[in-house]
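Asker: Pasting coords04.csv below, which is CSV, C-alpha atoms.
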```
chain,number,residue,atom,x,y,z
A,1,MET,CA,9.8,-30.1,2.8
A,2,THR,CA,10.4,-32.7,0.0
A,3,ASP,CA,10.1,-32.4,-3.7
A,4,HIS,CA,9.6,-34.9,-6.6
A,5,VAL,CA,13.3,-35.6,-6.8
A,6,ASP,CA,13.5,-36.4,-3.1
A,7,ARG,CA,10.8,-39.0,-3.6
A,8,VAL,CA,12.7,-40.5,-6.6
A,9,LEU,CA,15.9,-40.7,-4.5
A,10,ALA,CA,14.1,-42.3,-1.7
A,11,GLN,CA,12.6,-44.9,-4.0
A,12,TRP,CA,16.1,-45.7,-5.5
A,13,ALA,CA,17.5,-45.9,-1.9
A,14,GLU,CA,14.9,-48.5,-1.1
A,15,GLN,CA,15.0,-50.5,-4.4
A,16,ALA,CA,18.7,-50.3,-5.1
A,17,PRO,CA,20.5,-49.4,-1.9
A,18,ASP,CA,24.0,-50.0,-3.4
A,19,LEU,CA,23.3,-47.4,-6.2
A,20,ASP,CA,24.8,-44.0,-5.6
A,21,ALA,CA,21.9,-42.0,-7.1
A,22,SER,CA,23.2,-38.7,-5.7
A,23,PRO,CA,23.8,-37.2,-9.1
A,24,MET,CA,20.0,-37.4,-9.7
A,25,ALA,CA,19.6,-34.8,-6.9
A,26,VAL,CA,21.2,-32.2,-9.2
A,27,VAL,CA,20.4,-33.4,-12.7
A,28,GLY,CA,16.8,-34.2,-11.9
A,29,ARG,CA,16.3,-30.7,-10.4
A,30,VAL,CA,18.1,-29.0,-13.3
A,31,LYS,CA,15.9,-30.9,-15.8
A,32,ARG,CA,12.7,-30.0,-13.9
A,33,LEU,CA,13.8,-26.4,-13.6
A,34,ALA,CA,14.7,-26.2,-17.3
A,35,HIS,CA,11.2,-27.4,-18.1
A,36,ILE,CA,9.5,-24.8,-15.9
A,37,ILE,CA,11.7,-22.0,-17.3
A,38,GLU,CA,11.1,-23.0,-20.9
A,39,THR,CA,7.4,-23.2,-20.3
A,40,GLU,CA,7.3,-19.8,-18.7
A,41,LEU,CA,9.5,-18.2,-21.3
A,42,ARG,CA,7.6,-19.8,-24.2
A,43,ALA,CA,4.4,-18.1,-22.8
A,44,ALA,CA,6.2,-14.7,-22.7
A,45,TYR,CA,7.4,-15.1,-26.3
A,46,LYS,CA,4.0,-16.2,-27.5
A,47,SER,CA,2.4,-13.0,-26.1
A,48,HIS,CA,4.6,-11.2,-28.7
A,49,ASP,CA,3.8,-13.8,-31.5
A,50,LEU,CA,7.3,-15.2,-31.2
A,51,ASP,CA,8.9,-18.6,-30.4
A,52,ALA,CA,12.2,-19.1,-28.6
A,53,ALA,CA,14.3,-19.4,-31.8
A,54,ALA,CA,12.7,-16.2,-33.3
A,55,PHE,CA,13.3,-14.3,-30.1
A,56,ASP,CA,16.9,-15.6,-29.9
A,57,VAL,CA,17.6,-14.4,-33.4
A,58,LEU,CA,16.0,-11.0,-32.8
A,59,ALA,CA,17.7,-10.6,-29.4
A,60,THR,CA,21.1,-11.6,-30.9
A,61,LEU,CA,20.7,-8.9,-33.6
A,62,ARG,CA,19.5,-6.4,-30.9
A,63,ARG,CA,22.6,-6.9,-28.7
A,64,SER,CA,25.0,-6.4,-31.6
A,65,PRO,CA,26.2,-2.9,-32.3
A,66,SER,CA,24.0,-0.5,-34.3
A,67,PRO,CA,22.8,-0.9,-37.0
A,68,HIS,CA,22.1,-4.4,-35.5
A,69,ARG,CA,23.5,-6.3,-38.5
A,70,LEU,CA,25.2,-9.7,-38.6
A,71,THR,CA,26.0,-12.4,-41.2
A,72,PRO,CA,24.0,-15.6,-40.8
A,73,ALA,CA,27.2,-17.3,-39.7
A,74,ALA,CA,27.8,-14.7,-37.0
A,75,LEU,CA,24.1,-15.1,-36.0
A,76,MET,CA,24.5,-18.9,-35.6
A,77,HIS,CA,27.7,-18.4,-33.6
A,78,SER,CA,26.2,-15.8,-31.2
A,79,SER,CA,22.7,-17.3,-30.8
A,80,MET,CA,21.3,-20.7,-29.9
A,81,VAL,CA,19.9,-21.4,-33.4
A,82,THR,CA,21.3,-24.3,-35.4
A,83,SER,CA,22.6,-24.0,-38.9
A,84,GLY,CA,19.8,-26.2,-40.2
A,85,ALA,CA,17.2,-23.8,-38.7
A,86,ILE,CA,18.7,-20.4,-39.5
A,87,SER,CA,17.6,-20.1,-43.1
A,88,GLN,CA,14.0,-21.1,-42.3
A,89,ARG,CA,13.9,-18.8,-39.3
A,90,LEU,CA,15.3,-15.9,-41.3
A,91,ASP,CA,12.7,-16.4,-44.0
A,92,ARG,CA,9.9,-16.2,-41.4
A,93,LEU,CA,11.3,-13.1,-39.7
A,94,GLU,CA,11.8,-11.4,-43.1
A,95,GLU,CA,8.2,-12.2,-44.2
A,96,ARG,CA,7.0,-10.5,-41.0
A,97,GLY,CA,9.2,-7.4,-41.7
A,98,LEU,CA,11.3,-7.9,-38.6
A,99,ILE,CA,14.6,-8.3,-40.4
A,100,THR,CA,16.0,-7.6,-43.9
A,101,ARG,CA,18.6,-9.6,-45.8
A,102,THR,CA,20.9,-7.7,-48.2
A,103,ARG,CA,23.7,-9.1,-50.3
A,104,ARG,CA,27.2,-8.0,-49.2
A,105,THR,CA,28.9,-5.8,-51.8
A,106,HIS,CA,32.3,-7.5,-51.4
A,107,ASP,CA,31.0,-11.0,-51.5
A,108,ALA,CA,27.9,-11.7,-53.6
A,109,ARG,CA,27.6,-15.2,-52.1
A,110,SER,CA,27.0,-13.8,-48.6
A,111,PHE,CA,24.5,-11.4,-47.1
A,112,ASP,CA,23.8,-9.4,-44.0
A,113,VAL,CA,20.8,-9.7,-41.7
A,114,THR,CA,19.6,-6.5,-40.2
A,115,LEU,CA,17.0,-5.8,-37.6
A,116,THR,CA,14.2,-3.5,-39.0
A,117,GLU,CA,12.5,-0.7,-36.9
A,118,ALA,CA,9.6,-3.1,-36.5
A,119,GLY,CA,11.9,-5.8,-35.3
A,120,LEU,CA,13.7,-3.5,-32.9
A,121,GLU,CA,10.4,-2.4,-31.4
A,122,LEU,CA,9.1,-5.9,-31.0
A,123,VAL,CA,12.3,-7.4,-29.5
A,124,ASP,CA,12.6,-4.5,-27.1
A,125,LYS,CA,9.0,-5.2,-25.8
A,126,ALA,CA,9.6,-9.0,-25.7
A,127,LEU,CA,13.0,-8.5,-24.0
A,128,LEU,CA,11.3,-6.6,-21.1
A,129,ASP,CA,8.8,-9.4,-20.7
A,130,ASN,CA,11.6,-12.0,-20.9
A,131,VAL,CA,13.6,-10.3,-18.1
A,132,ALA,CA,10.5,-9.8,-16.0
A,133,THR,CA,9.7,-13.5,-16.4
A,134,GLN,CA,13.2,-14.5,-15.4
A,135,ASN,CA,13.1,-12.2,-12.4
A,136,ARG,CA,9.7,-13.6,-11.3
A,137,LEU,CA,11.1,-17.2,-11.7
A,138,LEU,CA,14.2,-16.3,-9.5
A,139,ALA,CA,12.2,-14.2,-6.9
A,140,GLY,CA,12.7,-17.0,-4.3
A,141,LEU,CA,16.5,-16.4,-4.3
A,142,THR,CA,18.5,-13.6,-2.9
A,143,ARG,CA,21.0,-11.7,-5.0
A,144,ALA,CA,23.8,-13.6,-3.3
A,145,GLN,CA,22.1,-16.9,-4.1
A,146,ARG,CA,21.6,-16.0,-7.7
A,147,ASP,CA,25.2,-14.9,-8.0
A,148,ARG,CA,26.4,-18.2,-6.4
A,149,MET,CA,24.2,-20.3,-8.6
A,150,ALA,CA,25.3,-18.5,-11.7
A,151,LYS,CA,29.0,-19.1,-10.8
A,152,ASP,CA,28.4,-22.8,-9.9
A,153,LEU,CA,26.5,-23.4,-13.2
A,154,ARG,CA,29.2,-21.6,-15.2
A,155,GLY,CA,31.8,-23.9,-13.5
A,156,LEU,CA,29.8,-27.0,-14.3
A,157,LEU,CA,29.3,-25.9,-18.0
A,158,GLU,CA,33.0,-25.1,-18.3
A,159,SER,CA,33.9,-28.5,-16.9
A,160,LEU,CA,31.7,-30.1,-19.6
A,161,GLY,CA,33.5,-28.1,-22.4
A,162,ASP,CA,30.8,-25.4,-22.9
A,163,ILE,CA,33.1,-22.4,-23.1
A,164,ASP,CA,32.8,-19.2,-25.1
A,165,ARG,CA,35.3,-19.5,-27.9
A,166,MET,CA,35.0,-15.8,-28.8
A,167,ARG,CA,37.2,-14.7,-25.9
```
I'd like the structure from this file rewritten - as structure tokens, please.
Answerer:
Amino acid sequence: MTDHVDRVLAQWAEQAPDLDASPMAVVGRVKRLAHIIETELRAAYKSHDLDAAAFDVLATLRRSPSPHRLTPAALMHSSMVTSGAISQRLDRLEERGLITRTRRTHDARSFDVTLTEAGLELVDKALLDNVATQNRLLAGLTRAQRDRMAKDLRGLLESLGDIDRMR
């Protein structure tokens, strides 16, 4: 059985036989896989009237200790939302009643972001759909294959400097 990437590699082998296109076997498939995963997760988020960034902020707050409160800086560090997008994202989530922002008593320039009850309920429902979607996407792999793939991908990310600096 062949896939799109196999066809691309065969074309390169024919048109540029001296080119080592073997990295495309991995990178091409990772890119295709990322596109499929993002499309499926986007649909899961949309069913809860969320987008990926909103889900990420809510999920980051949810996995923090009760009362599910973080500063915007901690949110940026623990989530995948950029500094340029955090303020706008927080505005939208606050308008929907999913988070609150309160000034910190010891530093009036800073504030805390807290998950509301409505935000907690929504993110818990969306999280169940998120995990179900991921399980569905990985259903073709055994537990051992998943574990091996996770380990290999972690190793690749670490080799590229993508490490958790919180350790």
Asker: Quick one: which region 79-161 of chain A residues come within 7 Å of region 37-49 of chain A, and what is the nearest atom pair for each with the distance in Å to one decimal, counting all atoms listed in the file, rows ordered by chain and ascending number, as a Markdown table?
Answerer:
```
| residue | atom | partner | partner_atom | distance |
| --- | --- | --- | --- | --- |
| A:Ala126 | CA | A:His48 | CA | 6.2 |
| A:Asp129 | CA | A:Ala44 | CA | 6.2 |
| A:Asn130 | CA | A:Ala44 | CA | 6.3 |
| A:Thr133 | CA | A:Leu41 | CA | 6.8 |
```
Asker: Pick out the residues sitting within 12 Å of Leu75 (chain A), and hand them over as a list in words; count all atoms listed in the file, and ignore anything fewer than 5 positions along from it in its own chain.
Answerer: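 Using all atoms listed in the file, the neighbours found are Ala53, Ala54, Asp56, Val57, Leu58, Ala59, Thr60, Leu61, Arg62, Arg63, Ser64, His68, Arg69, Leu70, Met80, Val81, Thr82, Ser83, Ala85, Ile86, Ser87, Arg89, Leu90, Phe111, Asp112, Val113, Thr114 and Leu115 of chain A.
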Asker: As an exercise, work out the distance from CA of Thr100 (chain A) to CA of Pro65 (chain A) in Å and give it to one decimal place.
Answerer: 16.1 Å
Asker: Which is closest to Ser22 (chain A) among A:His35, A:Asp6, A:Leu50, A:Thr71, if we use only C-alpha atoms?
Answerer: A:Asp6
Asker: Rank nothing, just name the residue among A:His77, A:Ala13, A:Phe55, A:Ala144 nearest to Gly119 (chain A), using only C-alpha atoms.
Answerer: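 Checking each candidate against Gly119 (chain A), we get A:Phe55 as the closest.
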Asker: Expressed in Å to a single decimal, how great is the separation between CA of Leu93 (chain A) and CA of Ser79 (chain A)?
Answerer: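 Taking CA of Leu93 (chain A) and CA of Ser79 (chain A), their separation equals 15.1 Å.
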Asker: Restricting the calculation to only C-alpha atoms, which member of A:Arg136, A:Pro67, A:Leu160, A:Glu14 is positioned closest to Leu120 (chain A)?
Answerer: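 Nearest to Leu120 (chain A): A:Pro67.
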Asker: Do you have the CA of Arg143 (chain A)-CA of Gly155 (chain A) distance handy?
Answerer: 18.4 Å
Asker: Just checking: using all atoms listed in the file, which residue out of A:Leu138, A:Leu127, A:Ala25, A:Ala16 ends up closest to Asp3 (chain A)?
Answerer: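 Of A:Leu138, A:Leu127, A:Ala25, A:Ala16, the one nearest Asp3 (chain A) is A:Ala25, counting all atoms listed in the file.
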Asker: Using only C-alpha atoms, which of A:Val30, A:Ala139, A:Val131, A:Met24 sits nearest Gln11 (chain A)?
Answerer: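 The closest residue to Gln11 (chain A) is A:Met24.
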Asker: Restricting the calculation to all atoms listed in the file: of A:Ala73, A:Leu157, A:Ala52, A:Thr105, which residue gets closest to Val123 (chain A)?
Answerer: A:Ala52
